[in-house]
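Colleague: There's a structure below that I have some questions on.
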Protein chains: 2
Amino acid sequence: MTPKRPTSSAAPTVDTVARAAGVSIASVSRVLNGLPASDEVADRVHAAVAEVGYQPNAAARSLKSRRTHQIAFAMENIANPVYVAMVHAIQEVAKERGYQLLLHSTDADADDELALLNGLGRRYVDGLIISPIRMSPAHVEALRTAAAPVVVIGATPDDLAVDTVRVDSRAGAARAVEHLVDTGRRRIAFVNGPVDTTPGSIRRAGYEDGLAARGIALDEELLETADFRLAGGAEAARRILERTRPDAIFCANDLMALGVLNVLREAGLRVPEDVAVVGMDDIDLATIAWPQLSSVSLGSDERGRRAAELLFERLEQPDREPRRELVETSLVVRGSSAAREVAS
Amino acid sequence: MTPKRPTSSAAPTVDTVARAAGVSIASVSRVLNGLPASDEVADRVHAAVAEVGYQPNAAARSLKSRRTHQIAFAMENIANPVYVAMVHAIQEVAKERGYQLLLHSTDADADDELALLNGLGRRYVDGLIISPIRMSPAHVEALRTAAAPVVVIGATPDDLAVDTVRVDSRAGAARAVEHLVDTGRRRIAFVNGPVDTTPGSIRRAGYEDGLAARGIALDEELLETADFRLAGGAEAARRILERTRPDAIFCANDLMALGVLNVLREAGLRVPEDVAVVGMDDIDLATIAWPQLSSVSLGSDERGRRAAELLFERLEQPDREPRRELVETSLVVRGSSAAREVAS
DNA sequence: TTGTAGGCGTTATCAG
DNA sequence: CTGATAACGCCTACAA
């Protein structure tokens, strides 16, 4: 007659509640899920729930419903403000829908990223947003066979059926270069990220586009690559200054640009009078530098938000046609690239 | 004879593998968990796993094992670099142990925080690290009755049996003030965070300690409070400059200090000659300001790391005595509070 | 060593 | 409207 003997210290389950309310576990479940039940039973169940402090077990619920109510976001490194903006935006959308956000910082480790994509079959999340900085054939294959919905923030092959949110950073980079030319600069150095990354190769192309659009020849001497980080940008700037003297430095992201600003100041160069600087991403902290940093906004928060929305839409309609969304760029001119008062 | 009929398109389970390998589900489970099995069976299972692309279901595994292999971190706002540092550190420890990190950005909403603590009974994570900026009686009660291990980053009542990681920010604040006095400043303004927050009240006390230690009277005119954010710091600085003229401004965190720096520059005041500035937290970006920002390091990354370690230790030893760890502060002097060349 | 069977906590089906 | 019961996918005594 007493096959189960839940000690009072164990976590309460539907069974505990049912016993306390004097009803069946089915009734408990029904009441808790808003299914038809008599007021009498509903009241007793609610009272019992409060009394025993019942909370539904997430694992059991997931197992049954096949929904975890969790999504994951995988990016290179949370220390990069761009990803912080995305996390912030994604978290906001997720919270609205009652979802929780799981974070993966991959350090751009391809194996890590692939393991994540290939591990979706474990169903620990309902979907994944990923922002890889490299897109290998293995990535493409993993995306194609992913066991759960995935949204990519970044470029993907055209024939890959996956929801993506992109930004035309190539055009954005070109625009920045044109702006620098239009405000009187000619020797425009470029501090790029690693050229074997997607952002690196795309922004490089944009840089060349911009020069070409203004009829300026590419000068190899003005090119440097770093790691998309602060210190890396600083070192790249030093290397450039050692061998030549640009009148502007365009950086593939703001973190490197901020590092560049520091080095220019150390070198006694005035910004923007001697050397103008423009970055990309328009991170919040672009305004704390002095002079404030001009930057090409790549709408990081919007990319995050749109990616999250795409993911939830797909969770609701698994068979929908994949979408490829494009976020607009905009050039934000601040002190670091102000027009010269007097033509040099 | 065929009670189950898993379509080939459904996610493979132990059953699928067992069938493909011609063994029982128990053998599959054993092989996969490294329990004794004959080489023959092991090989067949591994082959079958590869063939059908089996991956263990996380929910089912959690339900059975009562472990989610997930922990959560709840903080006020991921946009604050301090929390980014903590997330980074926590994530690192978690990854080492094969755990995943779930993020909660509460916007300092007490109800949200309480819901998190009280919701631990759902067992969607194995434990929680929380860094609340207010500690109400309801918080204390929720911590006392939490259904899963919790580690608090921040101050808690002494009689509350909970693992905590603290930092003596009061002493740190005092030290900053003393440093300013020792380098010749006397009218030291204080831009604090909200005084009804724990950090706000503690840092205020430290500010007063510092003044008292150097025999300087508190001047209400030099006090301002803001919201711990960039723009808020800037506005606070403007309010101060409207009514008086300090020779130093100590800020309760770096974000506000960076905002203050901008306003001082706008006002044509030289830093550190006219006004010195010191912040707290020593965020990475303290070095991108000009002059570079002096700051009291509160070891954010170490607090995150230690908190994660405490949590994992408790997961292993649930009945261990609670620990209260203290992280050291250190004053990092940079350009914004350099000693005056000539005494004023 | 291997297989059978029961249970983790829920939800949902099907009688009553 | 309510209650018994069967899954969800996995692990693990217990038995063979």
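The chains in the structure tokens are called A, B, ... from first to last as shown; in each chain the residues are counted from 1, and the ligands are counted from 1 in the order shown.
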Provide as a PDB file with C-alpha atoms (C1' of nucleotides), in the first residue's frame the residues of chain C at most 9 Å from chain A, counting only C-alpha atoms (C1' of nucleotides).
Modeller:
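Saved as part36.pdb:
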```
ATOM      1  C1'  DC C   8      13.865   9.514 -12.426  1.00  0.00           C
ATOM      2  C1'  DG C   9       9.296  13.546 -12.727  1.00  0.00           C
ATOM      3  C1'  DT C  10       6.238  15.080 -16.251  1.00  0.00           C
ATOM      4  C1'  DT C  11       2.648  15.178 -19.522  1.00  0.00           C
TER       5       DT C  11
END
```
Colleague: Show me, as a PDB file with C-alpha atoms, in the first residue's frame, every residue of chain A with an atom at most 9 Å from chain B, counting only C-alpha atoms.
Modeller:
```
ATOM      1  CA  ALA A  11      12.262  17.620  -3.387  1.00  0.00           C
ATOM      2  CA  GLY A  53       6.771  24.240  -1.979  1.00  0.00           C
ATOM      3  CA  TYR A  54       6.472  22.360  -5.202  1.00  0.00           C
ATOM      4  CA  GLN A  55       8.322  23.439  -8.330  1.00  0.00           C
ATOM      5  CA  PRO A  56       8.210  21.452 -11.545  1.00  0.00           C
ATOM      6  CA  ASN A  57      11.444  19.721 -12.410  1.00  0.00           C
ATOM      7  CA  ALA A  58      13.020  21.219 -15.511  1.00  0.00           C
ATOM      8  CA  ALA A  59      14.691  18.023 -16.708  1.00  0.00           C
ATOM      9  CA  ALA A  60      11.538  15.955 -16.461  1.00  0.00           C
ATOM     10  CA  ARG A  61       9.569  18.626 -18.222  1.00  0.00           C
ATOM     11  CA  SER A  62      12.145  18.901 -20.989  1.00  0.00           C
ATOM     12  CA  LEU A  63      12.257  15.179 -21.437  1.00  0.00           C
ATOM     13  CA  LYS A  64       8.537  15.034 -21.903  1.00  0.00           C
ATOM     14  CA  ARG A  66      11.146  18.090 -25.934  1.00  0.00           C
ATOM     15  CA  THR A  68      14.481  23.033 -22.935  1.00  0.00           C
ATOM     16  CA  GLN A  70      17.091  27.466 -23.412  1.00  0.00           C
ATOM     17  CA  ALA A  72      22.802  29.240 -26.623  1.00  0.00           C
ATOM     18  CA  ASN A  77      35.326  35.996 -26.773  1.00  0.00           C
ATOM     19  CA  ILE A  78      32.982  37.686 -24.373  1.00  0.00           C
ATOM     20  CA  ALA A  79      35.702  40.225 -23.611  1.00  0.00           C
ATOM     21  CA  PRO A  81      32.389  44.603 -26.501  1.00  0.00           C
ATOM     22  CA  VAL A  84      28.660  41.911 -25.149  1.00  0.00           C
ATOM     23  CA  ALA A  85      26.251  44.040 -27.149  1.00  0.00           C
ATOM     24  CA  VAL A  87      24.588  39.027 -25.668  1.00  0.00           C
ATOM     25  CA  HIS A  88      22.683  41.912 -24.211  1.00  0.00           C
ATOM     26  CA  GLN A  91      19.209  38.052 -23.656  1.00  0.00           C
ATOM     27  CA  GLU A  92      16.520  40.666 -23.889  1.00  0.00           C
ATOM     28  CA  GLN A 100      17.242  31.349 -20.852  1.00  0.00           C
ATOM     29  CA  LEU A 101      20.548  32.079 -22.444  1.00  0.00           C
ATOM     30  CA  LEU A 102      23.566  29.854 -22.353  1.00  0.00           C
ATOM     31  CA  LEU A 103      26.940  31.258 -23.266  1.00  0.00           C
ATOM     32  CA  HIS A 104      29.837  29.721 -25.134  1.00  0.00           C
ATOM     33  CA  SER A 105      33.130  31.559 -25.419  1.00  0.00           C
ATOM     34  CA  GLY A 119      26.611  18.466 -30.151  1.00  0.00           C
ATOM     35  CA  LEU A 120      23.189  19.965 -30.682  1.00  0.00           C
ATOM     36  CA  GLY A 121      21.832  16.435 -30.917  1.00  0.00           C
ATOM     37  CA  ARG A 122      22.142  16.219 -27.175  1.00  0.00           C
ATOM     38  CA  ARG A 123      19.281  18.683 -27.101  1.00  0.00           C
ATOM     39  CA  TYR A 124      20.545  20.667 -24.187  1.00  0.00           C
ATOM     40  CA  VAL A 125      19.235  23.791 -25.932  1.00  0.00           C
ATOM     41  CA  ALA A 147      20.366  18.707 -35.094  1.00  0.00           C
ATOM     42  CA  LEU A 230      43.588  46.484 -27.977  1.00  0.00           C
ATOM     43  CA  LEU A 258      41.695  52.539 -29.380  1.00  0.00           C
ATOM     44  CA  GLY A 259      45.081  50.898 -29.076  1.00  0.00           C
ATOM     45  CA  LEU A 261      45.096  56.132 -30.555  1.00  0.00           C
ATOM     46  CA  ASN A 262      47.260  55.493 -27.529  1.00  0.00           C
ATOM     47  CA  LEU A 285      33.418  53.012 -25.368  1.00  0.00           C
ATOM     48  CA  THR A 287      33.237  57.894 -26.876  1.00  0.00           C
ATOM     49  CA  ILE A 288      35.525  57.629 -23.901  1.00  0.00           C
ATOM     50  CA  ALA A 289      38.679  57.955 -25.925  1.00  0.00           C
ATOM     51  CA  TRP A 290      40.167  61.335 -26.604  1.00  0.00           C
ATOM     52  CA  PRO A 291      39.517  62.469 -29.160  1.00  0.00           C
TER      53      PRO A 291
END
```
Colleague: How many Å lie between CA of Leu264 (chain A) and CA of Ile249 (chain A), rounded to one decimal?
Modeller: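 Rounded to one decimal, the two atoms are 10.1 Å apart.
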Colleague: Taking the DSSP assignment computed from this structure's backbone, write out as a VMD selection string all residues of region 31-267 of chain B that belong to alpha helix (DSSP H).
Modeller: chain B and resid 31 to 32 39 to 52 58 to 65 81 to 96 110 to 118 137 to 144 169 to 182 198 to 213 230 to 243 254 to 266
Colleague: Set the cut-off to 10 Å and count only C-alpha atoms (C1' of nucleotides): what are the residues of chain D that reach chain A? Output as a list of chain:residue names.
Modeller: D:DC1, D:DT2, D:DG3, D:DA4, D:DA7, D:DC8, D:DG9
Colleague: In Å, with one decimal, what is the gap from CA of Ser294 (chain A) to CA of Gly172 (chain A)?
Modeller: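 Separating CA of Ser294 (chain A) from CA of Gly172 (chain A) is a distance of 12.6 Å.
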Colleague: Would you mind listing what lies within 8 Å of Val327 (chain B) as a PyMOL selection string, with only C-alpha atoms (C1' of nucleotides) counted and same-chain residues fewer than 4 positions away left out?
Modeller: chain B and resi 165-168+298-299+302-303
Colleague: Determine which residues of region 119-213 of chain A DSSP labels as strand (DSSP E) from the backbone of this structure, then write them out as a list of chain:residue names.
Modeller: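 So the strand (DSSP E) residues in region 119-213 of chain A would be A:Gly127, A:Leu128, A:Ile129, A:Ile130, A:Val150, A:Val151, A:Val152, A:Ile153, A:Asp163, A:Thr164, A:Val165, A:Arg166, A:Val167, A:Ile188, A:Ala189, A:Phe190, A:Val191, A:Asn192.
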